[in-house]
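A.B. asks: What follows is target_24.tsv; its format and atoms are TSV, C-alpha atoms.
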```
chain	number	residue	atom	x	y	z
A	633	GLU	CA	-15.92	-10.17	16.60
A	634	GLY	CA	-18.93	-11.90	15.07
A	635	ALA	CA	-16.89	-13.60	12.34
A	636	SER	CA	-17.38	-17.34	11.92
A	637	ALA	CA	-13.88	-17.74	10.46
A	638	VAL	CA	-10.80	-15.62	9.81
A	639	VAL	CA	-8.38	-16.42	6.99
A	640	ALA	CA	-5.06	-14.59	6.56
A	641	ILE	CA	-3.53	-14.92	3.09
A	642	ASP	CA	0.18	-14.77	2.35
A	643	ALA	CA	0.49	-13.15	-1.07
A	644	ALA	CA	2.39	-15.14	-3.68
A	645	GLY	CA	6.11	-14.98	-2.97
A	646	HIS	CA	5.56	-13.95	0.66
A	647	GLY	CA	5.51	-15.94	3.88
A	648	LEU	CA	4.51	-19.55	3.31
A	649	SER	CA	2.96	-19.10	-0.15
A	650	GLN	CA	4.57	-20.48	-3.28
A	651	HIS	CA	6.67	-18.31	-5.55
A	652	ARG	CA	5.28	-17.02	-8.84
A	653	LEU	CA	7.68	-17.23	-11.77
A	654	PRO	CA	8.93	-15.47	-13.76
A	655	SER	CA	7.45	-12.22	-12.49
A	656	TYR	CA	4.86	-10.66	-10.19
A	657	HIS	CA	1.86	-8.54	-11.17
A	658	ASP	CA	-0.47	-6.90	-8.67
A	659	GLU	CA	-3.59	-7.96	-10.55
A	660	ASP	CA	-2.63	-11.60	-9.95
A	661	ASP	CA	-2.97	-10.99	-6.22
A	662	VAL	CA	-6.52	-9.76	-6.84
A	663	ALA	CA	-7.36	-12.98	-8.69
A	664	ASP	CA	-5.82	-15.04	-5.87
A	665	VAL	CA	-8.11	-13.48	-3.25
A	666	VAL	CA	-11.19	-14.12	-5.39
A	667	ALA	CA	-10.05	-17.72	-5.92
A	668	VAL	CA	-9.56	-18.29	-2.17
A	669	ALA	CA	-13.08	-17.05	-1.44
A	670	LYS	CA	-14.48	-19.42	-4.05
A	671	ILE	CA	-12.50	-22.38	-2.70
A	672	LEU	CA	-13.87	-21.64	0.77
A	673	ASN	CA	-17.39	-21.31	-0.68
A	674	TRP	CA	-17.73	-17.87	0.91
A	675	THR	CA	-20.54	-15.83	-0.59
A	676	GLN	CA	-20.56	-13.04	2.02
A	677	PHE	CA	-17.37	-11.87	3.69
A	678	SER	CA	-15.42	-8.84	4.89
A	679	LEU	CA	-11.94	-7.88	3.72
A	680	ILE	CA	-9.06	-6.32	5.65
A	681	GLY	CA	-5.98	-5.22	3.73
A	682	HIS	CA	-2.71	-3.64	4.86
A	683	SER	CA	-0.49	-1.57	2.54
A	684	LEU	CA	-0.44	-3.38	-0.83
A	685	GLY	CA	-3.07	-5.71	0.61
A	686	GLY	CA	-5.34	-2.68	0.95
A	687	CYS	CA	-4.96	-1.94	-2.76
A	688	VAL	CA	-5.83	-5.56	-3.55
A	689	ALA	CA	-8.79	-5.57	-1.12
A	690	GLN	CA	-10.25	-2.40	-2.67
A	691	THR	CA	-10.12	-3.92	-6.13
A	692	VAL	CA	-11.63	-7.23	-5.03
A	693	THR	CA	-14.46	-5.32	-3.35
A	694	ALA	CA	-15.21	-3.34	-6.50
A	695	MET	CA	-15.08	-6.53	-8.61
A	696	THR	CA	-17.38	-8.54	-6.36
A	697	PRO	CA	-19.78	-6.00	-4.79
A	698	ASP	CA	-22.37	-8.68	-4.04
A	699	HIS	CA	-19.95	-10.68	-1.91
A	700	VAL	CA	-17.92	-8.18	0.15
A	701	VAL	CA	-20.00	-6.70	2.97
A	702	ARG	CA	-17.33	-4.56	4.70
A	703	LEU	CA	-13.88	-3.30	3.80
A	704	VAL	CA	-11.07	-2.11	6.08
A	705	LEU	CA	-7.77	-0.65	4.84
A	706	LEU	CA	-4.78	-0.25	7.15
A	707	ASP	CA	-2.30	2.52	6.24
A	708	SER	CA	-3.34	2.35	2.61
A	709	LEU	CA	-5.37	4.55	0.27
A	710	GLY	CA	-5.30	2.18	-2.67
A	711	TRP	CA	-2.95	2.16	-5.60
A	712	ILE	CA	-1.27	5.41	-6.60
A	713	PRO	CA	-1.69	5.52	-10.39
A	714	GLU	CA	0.97	6.36	-12.93
A	715	ASP	CA	0.51	8.31	-16.14
A	716	GLY	CA	1.25	6.81	-19.57
A	717	PRO	CA	4.94	7.73	-19.90
A	718	GLY	CA	5.61	6.77	-16.29
A	719	ALA	CA	3.88	3.40	-16.69
A	720	LEU	CA	5.84	2.73	-19.87
A	721	ALA	CA	9.12	3.50	-18.09
A	722	ARG	CA	8.20	1.15	-15.26
A	723	LEU	CA	7.27	-1.62	-17.69
A	724	ARG	CA	10.57	-1.14	-19.51
A	725	LEU	CA	12.46	-1.52	-16.24
A	726	LYS	CA	10.38	-4.55	-15.22
A	727	SER	CA	11.16	-6.25	-18.54
A	728	PHE	CA	14.87	-5.60	-17.97
A	729	GLU	CA	14.63	-7.16	-14.50
A	730	THR	CA	12.92	-10.32	-15.75
A	731	ALA	CA	14.40	-10.86	-19.23
A	732	THR	CA	18.11	-10.19	-18.72
A	733	ALA	CA	20.71	-11.81	-16.50
A	734	THR	CA	21.93	-8.42	-15.31
A	735	GLY	CA	18.41	-7.32	-14.42
A	736	ARG	CA	17.63	-10.57	-12.60
A	737	GLN	CA	20.83	-10.27	-10.58
A	738	MET	CA	20.03	-6.65	-9.73
A	739	CYS	CA	16.60	-7.70	-8.51
A	740	LEU	CA	18.11	-10.61	-6.56
A	741	ASP	CA	20.59	-8.30	-4.83
A	742	ARG	CA	17.79	-5.90	-3.93
A	743	GLY	CA	15.74	-8.76	-2.56
A	744	VAL	CA	18.57	-10.06	-0.41
A	745	ARG	CA	18.96	-6.61	1.17
A	746	MET	CA	15.21	-6.54	1.86
A	747	CYS	CA	15.05	-9.96	3.55
A	748	CYS	CA	14.19	-12.14	0.56
A	749	GLY	CA	15.81	-15.27	-0.81
A	750	GLN	CA	17.80	-18.03	0.81
A	751	SER	CA	21.35	-16.92	0.05
A	752	THR	CA	21.98	-15.67	3.60
A	753	THR	CA	21.72	-17.93	6.64
A	754	PHE	CA	21.08	-16.41	10.06
A	755	PRO	CA	22.09	-18.27	13.23
A	756	ASP	CA	18.72	-17.82	14.97
A	757	LEU	CA	15.36	-16.08	14.68
A	758	GLU	CA	16.49	-13.14	16.79
A	759	ALA	CA	19.27	-12.42	14.29
A	760	CYS	CA	16.64	-12.53	11.53
A	761	ALA	CA	14.49	-10.05	13.45
A	762	GLN	CA	17.41	-7.69	14.07
A	763	HIS	CA	18.18	-7.66	10.35
A	764	ARG	CA	14.54	-7.27	9.33
A	765	ALA	CA	14.06	-4.29	11.64
A	766	THR	CA	16.75	-2.37	9.75
A	767	GLN	CA	15.46	-3.20	6.26
A	768	SER	CA	12.13	-1.54	5.56
A	769	ILE	CA	11.10	0.64	2.64
A	770	ALA	CA	8.23	2.04	4.70
A	771	GLY	CA	10.11	3.62	7.59
A	772	PRO	CA	11.50	2.39	10.92
A	773	MET	CA	10.28	-0.89	12.35
A	774	ALA	CA	10.24	-1.83	16.03
A	775	ILE	CA	12.03	-5.05	16.89
A	776	ASP	CA	8.82	-6.52	18.33
A	777	ILE	CA	7.10	-6.08	14.96
A	778	ALA	CA	10.09	-7.59	13.19
A	779	ARG	CA	9.83	-10.66	15.42
A	780	VAL	CA	6.21	-11.15	14.35
A	781	LEU	CA	7.15	-10.94	10.66
A	782	VAL	CA	10.07	-13.30	11.13
A	783	GLY	CA	7.79	-15.91	12.64
A	784	ARG	CA	5.90	-16.14	9.34
A	785	GLY	CA	8.70	-15.31	6.92
A	786	THR	CA	11.52	-17.71	7.76
A	787	GLN	CA	12.27	-21.41	7.67
A	788	ALA	CA	15.11	-23.67	8.75
A	789	SER	CA	17.98	-23.68	6.27
A	790	SER	CA	18.59	-26.80	4.20
A	791	ASN	CA	21.94	-27.39	5.93
A	792	GLY	CA	20.34	-27.18	9.37
A	793	LYS	CA	22.71	-24.43	10.47
A	794	GLY	CA	20.21	-21.62	10.95
A	795	PHE	CA	17.31	-19.85	9.26
A	796	VAL	CA	16.66	-18.29	5.86
A	797	TRP	CA	13.92	-16.06	4.44
A	798	THR	CA	11.03	-17.71	2.61
A	799	ALA	CA	10.14	-14.67	0.47
A	800	ASP	CA	11.01	-14.71	-3.23
A	801	PRO	CA	13.47	-11.95	-4.23
A	802	GLY	CA	11.27	-11.53	-7.30
A	803	ILE	CA	8.68	-9.65	-5.23
A	804	MET	CA	11.08	-6.72	-5.34
A	805	GLN	CA	10.62	-6.38	-9.10
A	806	THR	CA	9.33	-3.06	-10.36
A	807	ARG	CA	5.53	-2.99	-10.34
A	808	VAL	CA	3.39	-1.21	-12.91
A	809	PRO	CA	0.48	0.47	-11.08
A	810	PRO	CA	-3.01	0.73	-12.61
A	811	SER	CA	-4.10	3.83	-14.46
A	812	GLU	CA	-6.04	6.65	-12.83
A	813	PRO	CA	-9.31	5.88	-14.71
A	814	PHE	CA	-9.06	2.30	-13.45
A	815	MET	CA	-8.63	3.47	-9.85
A	816	ASP	CA	-11.51	5.92	-10.24
A	817	ALA	CA	-13.67	2.99	-11.31
A	818	VAL	CA	-12.46	0.91	-8.34
A	819	VAL	CA	-13.27	3.61	-5.78
A	820	ALA	CA	-16.65	4.25	-7.40
A	821	GLY	CA	-17.38	0.53	-7.54
A	822	ILE	CA	-17.13	-0.03	-3.78
A	823	LYS	CA	-20.70	-0.36	-2.55
A	824	CYS	CA	-20.14	-1.69	0.97
A	825	PRO	CA	-19.09	0.29	4.09
A	826	GLN	CA	-15.38	1.16	3.93
A	827	ALA	CA	-13.07	2.23	6.76
A	828	ILE	CA	-9.49	3.40	6.28
A	829	VAL	CA	-7.18	3.58	9.29
A	830	LEU	CA	-4.02	5.65	8.82
A	831	ALA	CA	-1.21	6.18	11.31
A	832	ARG	CA	-0.01	9.74	11.77
A	833	ASP	CA	3.56	8.35	11.74
A	834	GLY	CA	2.85	5.84	8.97
A	835	LEU	CA	3.32	5.74	5.21
A	836	PHE	CA	1.76	9.16	4.65
A	837	GLU	CA	3.65	10.97	7.41
A	838	ARG	CA	5.63	12.89	4.78
A	839	CYS	CA	2.39	14.35	3.44
A	840	ASN	CA	1.89	16.49	6.56
A	841	LEU	CA	2.37	20.21	6.08
A	842	PRO	CA	3.84	22.46	8.80
A	843	ARG	CA	1.32	22.49	11.68
A	844	LEU	CA	-1.26	20.93	9.36
A	845	PRO	CA	-1.71	17.18	9.80
A	846	PHE	CA	-2.55	15.09	6.74
A	847	TYR	CA	-6.25	15.33	5.80
A	848	SER	CA	-7.05	17.89	8.50
A	849	VAL	CA	-9.42	20.69	7.48
A	850	GLY	CA	-6.58	23.19	7.31
A	851	TRP	CA	-4.47	20.77	5.24
A	852	CYS	CA	-7.30	20.31	2.74
A	853	VAL	CA	-7.82	24.06	2.38
A	854	VAL	CA	-4.11	24.83	1.91
A	855	VAL	CA	-3.60	22.02	-0.61
A	856	CYS	CA	-6.66	23.01	-2.62
A	857	ILE	CA	-5.72	26.70	-2.74
A	858	GLY	CA	-2.00	26.04	-3.30
A	859	TYR	CA	-2.66	23.59	-6.10
A	860	TRP	CA	-4.90	25.90	-8.07
A	861	ILE	CA	-2.59	28.90	-7.53
A	862	MET	CA	0.23	26.85	-9.06
A	863	ALA	CA	-2.15	25.68	-11.77
A	864	SER	CA	-3.08	29.22	-12.72
A	865	ALA	CA	0.61	30.06	-12.92
A	866	HIS	CA	1.23	26.96	-15.10
A	867	LYS	CA	4.02	25.80	-12.82
A	868	VAL	CA	2.98	22.17	-12.42
A	869	LYS	CA	5.12	20.52	-15.05
A	870	GLY	CA	3.44	18.17	-17.44
A	871	VAL	CA	0.10	18.21	-15.62
A	872	PHE	CA	-2.04	20.90	-17.19
A	873	GLN	CA	-1.17	20.01	-20.77
A	874	ARG	CA	-3.25	16.86	-20.24
A	875	GLY	CA	-5.70	18.21	-17.69
A	876	PRO	CA	-5.67	18.17	-13.87
A	877	LYS	CA	-6.85	14.56	-13.63
A	878	HIS	CA	-3.68	13.17	-15.16
A	879	LEU	CA	-1.20	13.52	-12.34
A	880	ARG	CA	2.21	11.98	-12.06
A	881	ARG	CA	3.54	10.39	-8.92
A	882	GLU	CA	6.23	12.96	-8.22
A	883	PHE	CA	6.06	13.22	-4.45
A	884	PRO	CA	7.98	10.33	-2.84
A	885	LEU	CA	6.35	9.24	0.42
A	886	THR	CA	9.69	8.15	1.85
A	887	ASN	CA	11.44	11.46	1.18
A	888	PRO	CA	12.95	12.54	4.53
A	889	THR	CA	12.42	16.23	3.77
A	890	VAL	CA	9.13	17.65	2.55
A	891	LYS	CA	9.54	20.45	0.05
A	892	VAL	CA	6.28	21.94	-1.17
A	893	SER	CA	7.09	22.21	-4.87
A	894	PRO	CA	4.64	22.35	-7.78
A	895	SER	CA	5.00	18.60	-8.38
A	896	SER	CA	4.56	17.73	-4.70
A	897	MET	CA	1.51	19.98	-4.44
A	898	ALA	CA	0.03	18.18	-7.44
A	899	PHE	CA	0.49	14.87	-5.67
A	900	LEU	CA	-1.02	16.17	-2.44
A	901	TYR	CA	-3.99	17.43	-4.43
A	902	PHE	CA	-4.34	13.98	-5.96
A	903	LEU	CA	-4.48	12.50	-2.43
A	904	LEU	CA	-7.10	15.10	-1.52
A	905	MET	CA	-9.24	13.99	-4.48
A	906	ARG	CA	-8.79	10.35	-3.49
A	907	TRP	CA	-10.08	11.22	-0.01
A	908	ARG	CA	-12.99	13.12	-1.56
A	909	ASN	CA	-13.96	10.19	-3.77
A	910	ILE	CA	-13.79	7.77	-0.86
A	911	ARG	CA	-15.99	10.07	1.22
A	912	LEU	CA	-18.47	10.33	-1.65
A	913	GLN	CA	-18.80	6.55	-1.39
A	914	GLU	CA	-19.55	7.00	2.33
A	915	GLY	CA	-16.15	5.67	3.29
A	916	ARG	CA	-14.51	6.77	6.54
A	917	VAL	CA	-10.88	7.78	7.02
A	918	MET	CA	-9.68	7.52	10.63
A	919	PHE	CA	-6.33	8.19	12.27
A	920	VAL	CA	-4.33	6.79	15.14
A	921	THR	CA	-1.43	8.80	16.53
A	922	HIS	CA	1.22	6.10	16.60
A	923	GLY	CA	1.85	2.67	15.16
A	924	GLY	CA	3.85	3.35	12.02
A	925	HIS	CA	3.14	1.79	8.67
A	926	ARG	CA	2.33	-1.58	10.26
A	927	VAL	CA	-0.21	0.06	12.49
A	928	HIS	CA	-2.10	-3.18	13.18
A	929	LEU	CA	1.07	-4.50	14.83
A	930	GLY	CA	2.41	-1.24	16.22
A	931	ASP	CA	-0.74	-0.14	18.03
A	932	ALA	CA	-3.44	-2.79	17.66
A	933	GLU	CA	-5.38	-1.51	20.68
A	934	SER	CA	-5.85	1.96	19.21
A	935	VAL	CA	-6.84	0.51	15.84
A	936	MET	CA	-9.55	-1.61	17.44
A	937	GLU	CA	-10.67	1.26	19.65
A	938	ILE	CA	-11.52	3.48	16.68
A	939	LEU	CA	-12.83	0.62	14.57
A	940	GLN	CA	-15.20	-0.88	17.12
A	941	PRO	CA	-17.94	1.80	16.82
A	942	TRP	CA	-17.77	1.59	13.04
A	943	LEU	CA	-17.91	-2.21	13.08
A	944	LYS	CA	-20.99	-2.16	15.29
A	945	ALA	CA	-22.70	0.49	13.18
A	946	THR	CA	-22.05	-1.38	9.92
A	947	ALA	CA	-22.71	-4.94	11.13
A	948	PRO	CA	-24.51	-6.88	8.36
```
In structure tokens, what does this structure look like?

C.D. replies:
Amino acid sequence: EGASAVVAIDAAGHGLSQHRLPSYHDEDDVADVVAVAKILNWTQFSLIGHSLGGCVAQTVTAMTPDHVVRLVLLDSLGWIPEDGPGALARLRLKSFETATATGRQMCLDRGVRMCCGQSTTFPDLEACAQHRATQSIAGPMAIDIARVLVGRGTQASSNGKGFVWTADPGIMQTRVPPSEPFMDAVVAGIKCPQAIVLARDGLFERCNLPRLPFYSVGWCVVVCIGYWIMASAHKVKGVFQRGPKHLRREFPLTNPTVKVSPSSMAFLYFLLMRWRNIRLQEGRVMFVTHGGHRVHLGDAESVMEILQPWLKATAP
């Protein structure tokens, strides 16, 4: 509403965009967004990013504060940083995946399972959607959502006997996330109004505590107290030797069972600090009850319902 134009970008290796060889780096996606804005001669614009796109949108906003006037993230809180040893291990694995035949084949096989590459031909788009609905690293996907993704992510096979995926299997390569100081600078560098919409059953569903929804007042109190109790007992492995700001990503969001261990409490505390820093920048975090990770497709009406007042209040 009120926008003179809307442009949706397929990240490199996704949808209808070209593939990027030999490997993919998240910072390249940031540069791509900036380049698109320059090509369009846009000097003032808003950004909306979902999942990884939210991480990219946050960084673009911090890089170009004079150009981005509003920022919306959908089921994303920005990149989750890695500490030094963890980043080194990820880089070592990424090098193996790109520089060796075994690693490239491993990545290719992973991509094929996750609906990438053109090695499998499906008889029709419905078969593509049925397969896509069962292959998601971010939780269950409704078939209606899968059909939307298929419409942008497939093309007719070269032999004319069906459809294949357009995505590059290389997008499944291991990614090396930015450091925590970098992300602190990104969050602090966002000067425009920022709204974050999370689904209660989305990517951060596993961060709920018993009877305490994610980012509720009770959740914040329990995480803060629990974290510092474990800190005083020196039970958070590898954290307090370097100080509480250097946290490792040890709480998998896709873990089907939440066990409140010292490492998981450290990660929850990190998410609490991310929320605090966003709030300090006058950002808003809002929730919808349902919709899953792809909340803009799963419950678009609820997303717009909670965003409309914010959009009107922050209109340039």

A.B. asks: Closest to Gly821 (chain A) among A:Glu714, A:Asp664, A:Asp698, A:Asp642, using only C-alpha atoms?

C.D. replies: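 Of A:Glu714, A:Asp664, A:Asp698, A:Asp642, the one nearest Gly821 (chain A) is A:Asp698, counting only C-alpha atoms.
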
A.B. asks: Counting all atoms listed in the file, what are the residues of region 755-848 of chain A within 8 Å of region 718-726 of chain A, and for each of them which pair of atoms is the nearest and at what distance in Å, to one decimal? Sort the table by chain and rising number, as JSON lines.

C.D. replies:
```
{"residue": "A:Gln805", "atom": "CA", "partner": "A:Lys726", "partner_atom": "CA", "distance": 6.4}
{"residue": "A:Thr806", "atom": "CA", "partner": "A:Lys726", "partner_atom": "CA", "distance": 5.2}
{"residue": "A:Arg807", "atom": "CA", "partner": "A:Arg722", "partner_atom": "CA", "distance": 7.0}
{"residue": "A:Val808", "atom": "CA", "partner": "A:Arg722", "partner_atom": "CA", "distance": 5.9}
{"residue": "A:Pro809", "atom": "CA", "partner": "A:Ala719", "partner_atom": "CA", "distance": 7.2}
```

A.B. asks: Write out as a PyMOL selection string the residues lying within 6 Å of region 761-766 of chain A, counting only C-alpha atoms and excluding same-chain residues fewer than 4 positions away.

C.D. replies: chain A and resi 773+775+778-779+782

A.B. asks: Record the distance separating CA of Asp741 (chain A) and CA of Val927 (chain A), expressed in Å with one decimal.

C.D. replies: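 CA of Asp741 (chain A) sits 28.3 Å away from CA of Val927 (chain A).
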
A.B. asks: What is the CA of Glu659 (chain A)-CA of Ile769 (chain A) distance in Å, reported with one decimal?

C.D. replies: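 Separating CA of Glu659 (chain A) from CA of Ile769 (chain A) is a distance of 21.5 Å.
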
A.B. asks: Give as a PyMOL selection string every residue, naming chains and numbers as the document does, that has an atom within 12 Å of (22.3, -18.0, 10.1), counting all atoms listed in the file.

C.D. replies: chain A and resi 750-761+763+786-797

A.B. asks: What is the CA of Asp658 (chain A) to CA of Ala689 (chain A) distance in Å?

C.D. replies: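 Distance between the two atoms: 11.3 Å.
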
A.B. asks: Looking at only C-alpha atoms, which of A:Pro713, A:Pro941, A:Gly930, A:Gly743 is the one that sits closest to Val818 (chain A)?

C.D. replies: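 Comparing A:Pro713, A:Pro941, A:Gly930, A:Gly743 against Val818 (chain A), the winner is A:Pro713.
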
A.B. asks: Please identify all polymer residues within 10 Å of Ile938 (chain A), counting all atoms listed in the file, omitting same-chain residues fewer than 5 positions from it, and present them as a list in words.

C.D. replies: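 The residues satisfying every condition are Val829, Met918, Phe919, Val920, Glu933 and Leu943 of chain A.
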
A.B. asks: Using all atoms listed in the file, find all polymer residues with an atom at most 10 Å away from the point (-14.7, -7.4, -8.6); report them as a list of chain:residue names.

C.D. replies: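 The answer, in the requested form, is A:Val662, A:Ala663, A:Val666, A:Ala689, A:Gln690, A:Thr691, A:Val692, A:Thr693, A:Ala694, A:Met695, A:Thr696, A:Pro697, A:Asp698, A:His699, A:Val700, A:Val818, A:Gly821, A:Ile822.
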
A.B. asks: So, counting only C-alpha atoms, which residue among A:Ile803, A:Ala827, A:Leu939, A:Val855 is closest to Ala644 (chain A)?

C.D. replies: A:Ile803

A.B. asks: Nearest residue to Gly681 (chain A) out of A:Phe846, A:Cys839, A:Ala640, A:Ala669, using only C-alpha atoms?

C.D. replies: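 Between A:Phe846, A:Cys839, A:Ala640, A:Ala669, the residue approaching Gly681 (chain A) most closely is A:Ala640.
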
A.B. asks: Skip Gln826 (chain A) itself and residues of its chain fewer than 5 positions away, then list as a PyMOL selection string all residues within 9 Å of it, counting only C-alpha atoms.

C.D. replies: chain A and resi 702-705+910+913-917

A.B. asks: Hey, which of A:Ala643, A:Asp715, A:Ala731, A:Tyr901 ends up closest to Val688 (chain A)? Count all atoms listed in the file.

C.D. replies: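 That would be A:Ala643, the residue with the smallest distance to Val688 (chain A).
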
A.B. asks: Should you be able to, write region 895-917 of chain A of this structure into a file that contains N, CA and C atoms, as an mmCIF file, in the first residue's frame.

C.D. replies:
```cif
data_model
loop_
_atom_site.group_PDB
_atom_site.id
_atom_site.type_symbol
_atom_site.label_atom_id
_atom_site.label_comp_id
_atom_site.auth_asym_id
_atom_site.auth_seq_id
_atom_site.Cartn_x
_atom_site.Cartn_y
_atom_site.Cartn_z
ATOM 1 N N SER A 895 24.177 -25.197 27.487
ATOM 2 C CA SER A 895 24.441 -24.650 26.157
ATOM 3 C C SER A 895 23.181 -24.077 25.531
ATOM 4 N N SER A 896 22.034 -24.745 25.722
ATOM 5 C CA SER A 896 20.797 -24.217 25.149
ATOM 6 C C SER A 896 20.381 -22.938 25.858
ATOM 7 N N MET A 897 20.591 -22.858 27.159
ATOM 8 C CA MET A 897 20.247 -21.635 27.878
ATOM 9 C C MET A 897 21.126 -20.474 27.416
ATOM 10 N N ALA A 898 22.384 -20.775 27.091
ATOM 11 C CA ALA A 898 23.262 -19.733 26.565
ATOM 12 C C ALA A 898 22.738 -19.211 25.246
ATOM 13 N N PHE A 899 22.233 -20.103 24.403
ATOM 14 C CA PHE A 899 21.706 -19.667 23.118
ATOM 15 C C PHE A 899 20.426 -18.862 23.299
ATOM 16 N N LEU A 900 19.550 -19.302 24.192
ATOM 17 C CA LEU A 900 18.329 -18.547 24.454
ATOM 18 C C LEU A 900 18.661 -17.158 24.991
ATOM 19 N N TYR A 901 19.687 -17.078 25.820
ATOM 20 C CA TYR A 901 20.089 -15.772 26.341
ATOM 21 C C TYR A 901 20.620 -14.889 25.210
ATOM 22 N N PHE A 902 21.329 -15.501 24.278
ATOM 23 C CA PHE A 902 21.783 -14.743 23.114
ATOM 24 C C PHE A 902 20.588 -14.167 22.348
ATOM 25 N N LEU A 903 19.536 -14.972 22.148
ATOM 26 C CA LEU A 903 18.343 -14.488 21.456
ATOM 27 C C LEU A 903 17.663 -13.375 22.251
ATOM 28 N N LEU A 904 17.706 -13.479 23.579
ATOM 29 C CA LEU A 904 17.148 -12.418 24.417
ATOM 30 C C LEU A 904 17.915 -11.109 24.204
ATOM 31 N N MET A 905 19.232 -11.202 24.122
ATOM 32 C CA MET A 905 20.044 -9.998 23.889
ATOM 33 C C MET A 905 19.824 -9.446 22.483
ATOM 34 N N ARG A 906 19.588 -10.319 21.517
ATOM 35 C CA ARG A 906 19.286 -9.827 20.171
ATOM 36 C C ARG A 906 17.978 -9.038 20.182
ATOM 37 N N TRP A 907 16.978 -9.573 20.903
ATOM 38 C CA TRP A 907 15.694 -8.866 21.031
ATOM 39 C C TRP A 907 15.901 -7.521 21.727
ATOM 40 N N ARG A 908 16.717 -7.520 22.781
ATOM 41 C CA ARG A 908 16.984 -6.272 23.515
ATOM 42 C C ARG A 908 17.625 -5.241 22.592
ATOM 43 N N ASN A 909 18.603 -5.656 21.818
ATOM 44 C CA ASN A 909 19.297 -4.703 20.949
ATOM 45 C C ASN A 909 18.379 -4.166 19.857
ATOM 46 N N ILE A 910 17.496 -5.018 19.359
ATOM 47 C CA ILE A 910 16.533 -4.560 18.355
ATOM 48 C C ILE A 910 15.577 -3.554 18.975
ATOM 49 N N ARG A 911 15.127 -3.818 20.190
ATOM 50 C CA ARG A 911 14.220 -2.897 20.873
ATOM 51 C C ARG A 911 14.910 -1.567 21.172
ATOM 52 N N LEU A 912 16.194 -1.610 21.491
ATOM 53 C CA LEU A 912 16.931 -0.382 21.740
ATOM 54 C C LEU A 912 16.997 0.497 20.498
ATOM 55 N N GLN A 913 16.900 -0.135 19.340
ATOM 56 C CA GLN A 913 16.863 0.606 18.076
ATOM 57 C C GLN A 913 15.428 0.941 17.677
ATOM 58 N N GLU A 914 14.511 0.813 18.623
ATOM 59 C CA GLU A 914 13.089 1.103 18.414
ATOM 60 C C GLU A 914 12.456 0.164 17.385
ATOM 61 N N GLY A 915 13.009 -1.031 17.289
ATOM 62 C CA GLY A 915 12.388 -2.041 16.443
ATOM 63 C C GLY A 915 11.255 -2.727 17.179
ATOM 64 N N ARG A 916 10.311 -3.292 16.437
ATOM 65 C CA ARG A 916 9.179 -3.995 17.031
ATOM 66 C C ARG A 916 9.206 -5.457 16.630
ATOM 67 N N VAL A 917 8.949 -6.331 17.607
ATOM 68 C CA VAL A 917 8.831 -7.761 17.352
ATOM 69 C C VAL A 917 7.390 -8.165 17.604
#
```
